[in-house]
Amino acid sequence: MGVVHGQEMVLNIGPQHPATHGVLRLQVKTDGEVISEITPYLGYLHRCFEKHCENVTYEQVIPFTDRCDYLASMTMNFGYVVAVEKLMDIKVNDRVQHIRVIMAELQRIASHLLATGVFGLDLGAFTPFLHMLRDRERIIDLFEMTCGARLLYNYMWVGGLSHDLPKGFVEATLNFLDYFEPKIDEFENLLGHNKIFVERTADIGIMPAEVAINFGVTGPNLRASGVNWDLRKDDPYSIYDKFDFNVPVGQGIKGTVGDSWDRFYVRLQEIRESVKIVRQALDQLPKDGDVHQSMPKKIRPPKGSIYSRTESPRGDLGYYIESDGSDTPSRLKMRSPAFTALGVLDEIAGGWLMSDVLAILGSLDIVLGEIDR
Amino acid sequence: MGLLENRFDDNIVVEKLDKLLSWARSTSPWFFQFGTACCAIEMMAAAASRHDLMRIGIIPRSSPRQADVMIVAGTVTMKMALRVKKLYEQMADPKYVVAMGSCATSGGPYWQHGYHVLKGVDLVIPVDVYVPGCPPRPEALIEGLLKLQEQILEGRPLTRKTG
Amino acid sequence: MSEDIQLLIDDVVAKALAGDMDPINNIEDRVTRSKAKAALVKAKRSQPKTEIKSNASENSDVKAKDTIEQVVIASLSKNFSNFLDGEQNGEWIQIKAENWFEIAKHLKENENLYFDSLQCNTGFDLEGGMLESRYNLHSMKHLHAIEIRIKVSIENPDIPSVESLWRVADWFERETYDMFGINFTGHRDLRRILLPEDWEGWPLRKNYEEQETYHGIVVPKVKEGWE
């Protein structure tokens, strides 16, 4: 028998494929089972975020930031209010800062739980998904207790918060953490050391560090490639410099540094670090301080522009705000981390098998709302 | 049912074929797992632990060919609208549509300046049940699906128009 | 206002600033109470400003060496001539479009500058027939960041593409093209990225008006086409 040369075939995945995490269309060129090229087509969820920002006031932008990354709304609010506060030179009190950090880190846990759970689901592991969603619901209960919403919170405002913490929040959160910490080991055993899962993800879709930097990949994806870069450590905003936590990086335990398994594992480790931060923040939480203390009556930043970034669960979340002195932004651009993470897909998935594409896509943890905005 | 009444044992129920059909349809409306935006997460939460949609016979399917109900969960954009119409046409009759959330109902927060957002999915496909909220809670979605079941139950597929 | 009331207000404001709100709330007369609260707001507003001022003066004492913008301009002047566009204000660097690719290459590869990551690229409609492309660069090695701005006219919006230097610029430039219609010359695949291929107009320009219909679907918010 001679060598069989297959014909190049074009396959469409999406935009309504259940494993594309939303409405994304991938045009895949394959030679037999081997991928030669992937062209992502975006914009099926382009909701004109930036046009809206130019037409509403600074306060009214916050609900729209919620809806961009609907899996991590708290950190989206956080990034925006940090940017506007920098632009207006507002200093908020310690209690507000602590509450913000607690919320952002709880949100990071919730987001990573969903990301890792859905990643398992993409590869056929249904049980971990149910376990992780069960614990995510508990975090959502905490958010619901605080601001009444389950998914889109509109909680952090410029110069403060919409509500103070409710009675019993600290105890409820501590109870949750006590319950949750042993579960992390369970998840690790359930999914991370599962033979099938390891076979499907280790050594698959390797992203070298220089590729990751050149393509602007940030967050857990970049750290999985072995680059120790976390804005919470390297360019601390808010009060992250007060806390003691580690930055987990990919070590290639099951395969090569920067493979899909590392990206999964870094997220799992980050959950542990976030638990640490929440515990410290709850411990140091100042008893008094008005959460509306430094809220300006009217938000009118001085003329000028700012580019400010924060660490969202998906990476560097940047807001570019241009102010013309009025109460609406004259230009607001969101630099979304998932947008750049998806851009690298073609580079790292070429040469792998068809079934690996979804594993690699799942490991990048994209949210279409934030990519298309 | 005068002729057939009281002719059989107690464990046999006599009803119209019409009602039997709509009863069978109402208790197993498999839905098309098709999320576009934020509401998809709440739809997932409704199907996963705690809320568990499957206990009322509603099971997610990945293919439009196997589904009876399309839950439009989230914003539909112009680029997506043509796809949504195509997917709806691919579903087998009888088919029902639930517009979940304010975006699918009317364009929601993107109504005013959203040049690329479809102002309500009813512009391209017929909708049976609207579930308000941004996003609706899983309980609200379940309520909407129960309303849909009632609606299906009232339908007379043989003697009248479906659904 | 009589002196007594003024003294009372000053007293309760001072107490409130120290954290005790009770004296204000205990004032019987409504007019006086509201005056006291207004005075408190005024006092609070003036407080943080003074703090910021003191911070700023501390910072300026520390900062004796050149800002990163000055360093970059000095480094570029050695290799390029006449690349700056108009007056520089120190917060960003305004350059001309012609040599942008070579300048970007220098910024990326020079050891002392080493801007290895392109953080953000955004367009801006300056109105009056001008568009602007803005680049936020950051160095992960030296931990410094700058902003570069390039102005082009709306009739001839050509800017050299830098997507072969920073691959992340590939999609950034496609998005800027999609939203503003800035043409990045030398880009290998300049297509619309978010909007459909057959969309009309550049949405983020200030004078943009939505098209009436798209494939028979009504686009503007008025639902007249179907009622």
# chains A, B, ... in the order shown; residues from 1 in each chain; ligands from 1
>>> interface_residues(of="chain C", to="chain A", cutoff="7 Å", atoms="only C-alpha atoms", output="number ranges by chain")
C: 117-118, 120, 122, 166-168, 193-195, 204
>>> closest_atom_pairs(of="chain B", to="chain C", cutoff="9 Å", atoms="only C-alpha atoms", output="JSON lines")
{"residue": "B:Met78", "atom": "CA", "partner": "C:Tyr214", "partner_atom": "CA", "distance": 7.4}
{"residue": "B:Lys79", "atom": "CA", "partner": "C:Pro196", "partner_atom": "CA", "distance": 6.1}
{"residue": "B:Ala81", "atom": "CA", "partner": "C:Ile217", "partner_atom": "CA", "distance": 8.7}
{"residue": "B:Leu82", "atom": "CA", "partner": "C:His215", "partner_atom": "CA", "distance": 8.4}
{"residue": "B:Gly107", "atom": "CA", "partner": "C:Lys221", "partner_atom": "CA", "distance": 8.8}
{"residue": "B:Trp111", "atom": "CA", "partner": "C:Lys221", "partner_atom": "CA", "distance": 6.3}
{"residue": "B:Gln112", "atom": "CA", "partner": "C:Lys221", "partner_atom": "CA", "distance": 6.2}
{"residue": "B:His113", "atom": "CA", "partner": "C:Lys221", "partner_atom": "CA", "distance": 7.9}
{"residue": "B:Gly114", "atom": "CA", "partner": "C:Lys221", "partner_atom": "CA", "distance": 8.2}
{"residue": "B:Tyr115", "atom": "CA", "partner": "C:Glu210", "partner_atom": "CA", "distance": 6.0}
{"residue": "B:His116", "atom": "CA", "partner": "C:Val219", "partner_atom": "CA", "distance": 7.3}
{"residue": "B:Val117", "atom": "CA", "partner": "C:Val219", "partner_atom": "CA", "distance": 7.7}
{"residue": "B:Leu118", "atom": "CA", "partner": "C:Val219", "partner_atom": "CA", "distance": 7.0}
{"residue": "B:Lys119", "atom": "CA", "partner": "C:Lys221", "partner_atom": "CA", "distance": 6.7}
{"residue": "B:Leu123", "atom": "CA", "partner": "C:Trp226", "partner_atom": "CA", "distance": 7.2}
{"residue": "B:Val124", "atom": "CA", "partner": "C:Ile217", "partner_atom": "CA", "distance": 7.8}
>>> closest_atom_pairs(of="chain B", to="chain A", cutoff="10 Å", atoms="only C-alpha atoms", output="Markdown table")
| residue | atom | partner | partner_atom | distance |
| --- | --- | --- | --- | --- |
| B:Gln33 | CA | A:Pro18 | CA | 7.2 |
| B:Phe34 | CA | A:Gln16 | CA | 6.3 |
| B:Gly35 | CA | A:Gly22 | CA | 6.2 |
| B:Thr36 | CA | A:Gly22 | CA | 5.5 |
| B:Ala37 | CA | A:Gly369 | CA | 6.4 |
| B:Cys38 | CA | A:Tyr70 | CA | 5.5 |
| B:Cys39 | CA | A:Tyr70 | CA | 8.9 |
| B:Ala40 | CA | A:Gly22 | CA | 8.2 |
| B:Ile41 | CA | A:Leu71 | CA | 8.0 |
| B:Glu42 | CA | A:Leu151 | CA | 7.9 |
| B:Met44 | CA | A:Leu133 | CA | 9.3 |
| B:Ala45 | CA | A:Leu133 | CA | 7.5 |
| B:Ala47 | CA | A:Leu130 | CA | 9.9 |
| B:Ala48 | CA | A:Leu130 | CA | 6.3 |
| B:Ser49 | CA | A:Arg134 | CA | 5.7 |
| B:Arg50 | CA | A:Arg134 | CA | 7.0 |
| B:Arg61 | CA | A:Pro18 | CA | 9.4 |
| B:Ser62 | CA | A:Pro18 | CA | 6.4 |
| B:Ser63 | CA | A:His17 | CA | 8.7 |
| B:Pro64 | CA | A:Gln16 | CA | 9.7 |
| B:Gly74 | CA | A:Leu45 | CA | 9.2 |
| B:Thr75 | CA | A:Leu45 | CA | 7.1 |
| B:Val76 | CA | A:Leu45 | CA | 7.1 |
| B:Thr77 | CA | A:Leu45 | CA | 6.0 |
| B:Met78 | CA | A:Tyr44 | CA | 7.9 |
| B:Lys79 | CA | A:Tyr44 | CA | 5.6 |
| B:Met80 | CA | A:Tyr44 | CA | 5.4 |
| B:Ala81 | CA | A:Tyr44 | CA | 9.0 |
| B:Arg83 | CA | A:Pro15 | CA | 8.1 |
| B:Val84 | CA | A:Gln16 | CA | 9.0 |
| B:Leu87 | CA | A:Gln16 | CA | 8.8 |
| B:Gly107 | CA | A:Arg47 | CA | 9.9 |
| B:Pro109 | CA | A:Phe64 | CA | 8.1 |
| B:Tyr110 | CA | A:Arg47 | CA | 6.9 |
| B:Trp111 | CA | A:Arg47 | CA | 9.9 |
| B:Gln112 | CA | A:His52 | CA | 8.3 |
| B:His113 | CA | A:His52 | CA | 5.9 |
| B:Gly114 | CA | A:Cys48 | CA | 5.5 |
| B:Tyr115 | CA | A:Cys48 | CA | 6.9 |
| B:His116 | CA | A:Arg47 | CA | 6.3 |
| B:Val117 | CA | A:Arg47 | CA | 6.0 |
| B:Leu118 | CA | A:Arg47 | CA | 9.5 |
| B:Cys134 | CA | A:Leu152 | CA | 8.0 |
| B:Pro135 | CA | A:Leu151 | CA | 7.4 |
| B:Pro136 | CA | A:Arg150 | CA | 9.4 |
| B:Arg137 | CA | A:Arg150 | CA | 7.5 |
| B:Pro138 | CA | A:Arg150 | CA | 9.8 |
>>> residues_around(residues="region 128-133 of chain B", least_positions_apart="6", cutoff="7 Å", atoms="only C-alpha atoms", output="VMD selection string")
chain B and resid 96 to 102 105 140 to 141 144 148
>>> select_by_dssp(residues="region 5-220 of chain C", states="alpha helix (DSSP H)", output="PyMOL selection string")
chain C and resi 5-17+22-25+30-62+68-79+100-109+169-180
>>> closest_residue(among="A:Arg272, A:His112, A:Lys86, A:Arg95", to="Asp185 (chain A)", atoms="only C-alpha atoms")
A:Arg272
>>> select_by_dssp(residues="chain B", states="strand (DSSP E or B)", output="VMD selection string")
chain B and resid 31 to 32 35 60 to 61 69 to 73 77 96 to 100 117 129 to 131
>>> residues_around(residues="region 176-191 of chain C", least_positions_apart="3", cutoff="9 Å", atoms="only C-alpha atoms", output="JSON, numbers by chain")
{"C": [121, 122, 123, 124, 125, 131, 132, 133, 152, 154, 156, 157, 158, 159, 160, 161, 162, 163, 164, 170, 171, 172, 173, 194, 195, 197, 201, 202, 203, 204, 205]}
>>> atom_distance(atom1="CA of Glu270 (chain A)", atom2="CA of Pro248 (chain A)")
6.6 Å
>>> atom_distance(atom1="CA of Arg279 (chain A)", atom2="CA of Val82 (chain A)")
22.6 Å
>>> residues_around(residues="region 189-191 of chain A", least_positions_apart="2", cutoff="10 Å", atoms="only C-alpha atoms", output="PyMOL selection string")
chain A and resi 116-117+119-120+125+127-129+131+183-187+193-198+264-265
>>> residues_around(residues="Ile299 (chain A)", least_positions_apart="3", cutoff="12 Å", atoms="only C-alpha atoms", output="number ranges by chain")
A: 56-61, 81, 84-85, 87-90, 157-159, 294-296, 302, 323, 325-329
>>> write_last_selection(atoms="N, CA, C and O atoms", output="mmCIF file, in the first residue's frame")
data_model
loop_
_atom_site.group_PDB
_atom_site.id
_atom_site.type_symbol
_atom_site.label_atom_id
_atom_site.label_comp_id
_atom_site.auth_asym_id
_atom_site.auth_seq_id
_atom_site.Cartn_x
_atom_site.Cartn_y
_atom_site.Cartn_z
ATOM 1 N N VAL A 56 -23.839 57.185 26.541
ATOM 2 C CA VAL A 56 -24.390 57.180 27.888
ATOM 3 C C VAL A 56 -23.369 57.788 28.845
ATOM 4 O O VAL A 56 -22.204 57.938 28.498
ATOM 5 N N THR A 57 -23.825 58.131 30.060
ATOM 6 C CA THR A 57 -22.919 58.768 31.016
ATOM 7 C C THR A 57 -21.998 57.716 31.631
ATOM 8 O O THR A 57 -22.209 56.515 31.467
ATOM 9 N N TYR A 58 -20.985 58.206 32.371
ATOM 10 C CA TYR A 58 -19.987 57.298 32.932
ATOM 11 C C TYR A 58 -20.608 56.255 33.848
ATOM 12 O O TYR A 58 -20.198 55.100 33.871
ATOM 13 N N GLU A 59 -21.630 56.666 34.636
ATOM 14 C CA GLU A 59 -22.273 55.706 35.534
ATOM 15 C C GLU A 59 -22.978 54.624 34.741
ATOM 16 O O GLU A 59 -22.986 53.461 35.125
ATOM 17 N N GLN A 60 -23.597 55.030 33.650
ATOM 18 C CA GLN A 60 -24.410 54.087 32.892
ATOM 19 C C GLN A 60 -23.589 53.091 32.101
ATOM 20 O O GLN A 60 -24.128 52.122 31.574
ATOM 21 N N VAL A 61 -22.275 53.335 32.005
ATOM 22 C CA VAL A 61 -21.423 52.380 31.281
ATOM 23 C C VAL A 61 -21.299 51.083 32.073
ATOM 24 O O VAL A 61 -21.179 50.001 31.506
ATOM 25 N N VAL A 81 -14.073 50.811 37.053
ATOM 26 C CA VAL A 81 -14.061 51.854 38.090
ATOM 27 C C VAL A 81 -12.630 52.240 38.457
ATOM 28 O O VAL A 81 -12.369 53.405 38.742
ATOM 29 N N VAL A 84 -11.648 54.813 35.780
ATOM 30 C CA VAL A 84 -12.263 56.140 35.928
ATOM 31 C C VAL A 84 -11.749 56.840 37.182
ATOM 32 O O VAL A 84 -11.524 58.047 37.181
ATOM 33 N N GLU A 85 -11.526 56.066 38.240
ATOM 34 C CA GLU A 85 -11.009 56.687 39.464
ATOM 35 C C GLU A 85 -9.600 57.223 39.257
ATOM 36 O O GLU A 85 -9.238 58.269 39.805
ATOM 37 N N LEU A 87 -8.507 58.346 36.429
ATOM 38 C CA LEU A 87 -8.684 59.521 35.586
ATOM 39 C C LEU A 87 -9.134 60.726 36.410
ATOM 40 O O LEU A 87 -8.778 61.861 36.133
ATOM 41 N N MET A 88 -9.968 60.464 37.432
ATOM 42 C CA MET A 88 -10.521 61.561 38.228
ATOM 43 C C MET A 88 -9.774 61.786 39.523
ATOM 44 O O MET A 88 -10.143 62.673 40.297
ATOM 45 N N ASP A 89 -8.746 60.969 39.795
ATOM 46 C CA ASP A 89 -7.976 61.124 41.030
ATOM 47 C C ASP A 89 -8.840 60.919 42.265
ATOM 48 O O ASP A 89 -8.802 61.711 43.208
ATOM 49 N N ILE A 90 -9.643 59.901 42.279
ATOM 50 C CA ILE A 90 -10.468 59.613 43.449
ATOM 51 C C ILE A 90 -9.767 58.538 44.267
ATOM 52 O O ILE A 90 -9.271 57.555 43.707
ATOM 53 N N TRP A 157 -19.290 50.825 41.925
ATOM 54 C CA TRP A 157 -19.546 52.111 41.301
ATOM 55 C C TRP A 157 -18.296 52.972 41.403
ATOM 56 O O TRP A 157 -17.406 52.692 42.203
ATOM 57 N N VAL A 158 -18.274 54.018 40.592
ATOM 58 C CA VAL A 158 -17.116 54.913 40.639
ATOM 59 C C VAL A 158 -17.100 55.597 42.002
ATOM 60 O O VAL A 158 -18.059 56.263 42.373
ATOM 61 N N GLY A 159 -16.041 55.366 42.734
ATOM 62 C CA GLY A 159 -15.922 55.982 44.057
ATOM 63 C C GLY A 159 -16.557 55.192 45.174
ATOM 64 O O GLY A 159 -16.599 55.650 46.298
ATOM 65 N N SER A 294 -16.653 58.430 48.964
ATOM 66 C CA SER A 294 -15.967 59.245 47.959
ATOM 67 C C SER A 294 -16.681 59.230 46.612
ATOM 68 O O SER A 294 -16.048 59.468 45.593
ATOM 69 N N MET A 295 -17.972 58.943 46.621
ATOM 70 C CA MET A 295 -18.674 58.939 45.343
ATOM 71 C C MET A 295 -18.969 60.357 44.896
ATOM 72 O O MET A 295 -19.600 61.125 45.613
ATOM 73 N N PRO A 296 -18.509 60.745 43.711
ATOM 74 C CA PRO A 296 -18.773 62.111 43.237
ATOM 75 C C PRO A 296 -20.244 62.265 42.854
ATOM 76 O O PRO A 296 -20.879 61.307 42.410
ATOM 77 N N PRO A 302 -11.616 65.190 34.092
ATOM 78 C CA PRO A 302 -10.960 66.258 33.335
ATOM 79 C C PRO A 302 -10.567 65.751 31.947
ATOM 80 O O PRO A 302 -10.496 64.550 31.711
ATOM 81 N N SER A 323 -11.548 61.290 27.600
ATOM 82 C CA SER A 323 -12.570 62.175 28.138
ATOM 83 C C SER A 323 -12.434 63.554 27.508
ATOM 84 O O SER A 323 -11.326 64.064 27.347
ATOM 85 N N GLY A 325 -14.125 66.090 28.915
ATOM 86 C CA GLY A 325 -14.571 67.000 29.966
ATOM 87 C C GLY A 325 -16.062 66.969 30.213
ATOM 88 O O GLY A 325 -16.544 67.576 31.155
ATOM 89 N N SER A 326 -16.816 66.265 29.374
ATOM 90 C CA SER A 326 -18.260 66.189 29.593
ATOM 91 C C SER A 326 -18.573 64.930 30.409
ATOM 92 O O SER A 326 -17.679 64.227 30.859
ATOM 93 N N ASP A 327 -19.870 64.656 30.621
ATOM 94 C CA ASP A 327 -20.200 63.504 31.458
ATOM 95 C C ASP A 327 -20.366 62.216 30.655
ATOM 96 O O ASP A 327 -20.735 61.193 31.213
ATOM 97 N N THR A 328 -20.096 62.238 29.356
ATOM 98 C CA THR A 328 -20.059 60.980 28.611
ATOM 99 C C THR A 328 -18.659 60.793 28.050
ATOM 100 O O THR A 328 -18.010 61.760 27.645
ATOM 101 N N PRO A 329 -18.166 59.552 28.020
ATOM 102 C CA PRO A 329 -16.841 59.328 27.450
ATOM 103 C C PRO A 329 -16.861 59.646 25.954
ATOM 104 O O PRO A 329 -17.851 59.350 25.287
#
>>> decode(residues="region 57-70 of chain B", atoms="C-alpha atoms", output="mmCIF file, in the first residue's frame")
data_model
loop_
_atom_site.group_PDB
_atom_site.id
_atom_site.type_symbol
_atom_site.label_atom_id
_atom_site.label_comp_id
_atom_site.auth_asym_id
_atom_site.auth_seq_id
_atom_site.Cartn_x
_atom_site.Cartn_y
_atom_site.Cartn_z
ATOM 1 C CA GLY B 57 -39.042 16.310 31.037
ATOM 2 C CA ILE B 58 -37.048 19.076 29.407
ATOM 3 C CA ILE B 59 -33.783 17.741 28.047
ATOM 4 C CA PRO B 60 -31.139 19.701 26.146
ATOM 5 C CA ARG B 61 -30.340 18.537 22.623
ATOM 6 C CA SER B 62 -27.452 19.753 20.537
ATOM 7 C CA SER B 63 -29.045 19.400 17.144
ATOM 8 C CA PRO B 64 -32.029 21.359 15.841
ATOM 9 C CA ARG B 65 -33.333 18.222 14.151
ATOM 10 C CA GLN B 66 -33.960 16.523 17.490
ATOM 11 C CA ALA B 67 -35.473 19.473 19.295
ATOM 12 C CA ASP B 68 -39.028 20.712 19.796
ATOM 13 C CA VAL B 69 -38.339 23.966 21.590
ATOM 14 C CA MET B 70 -35.818 26.620 20.699
#
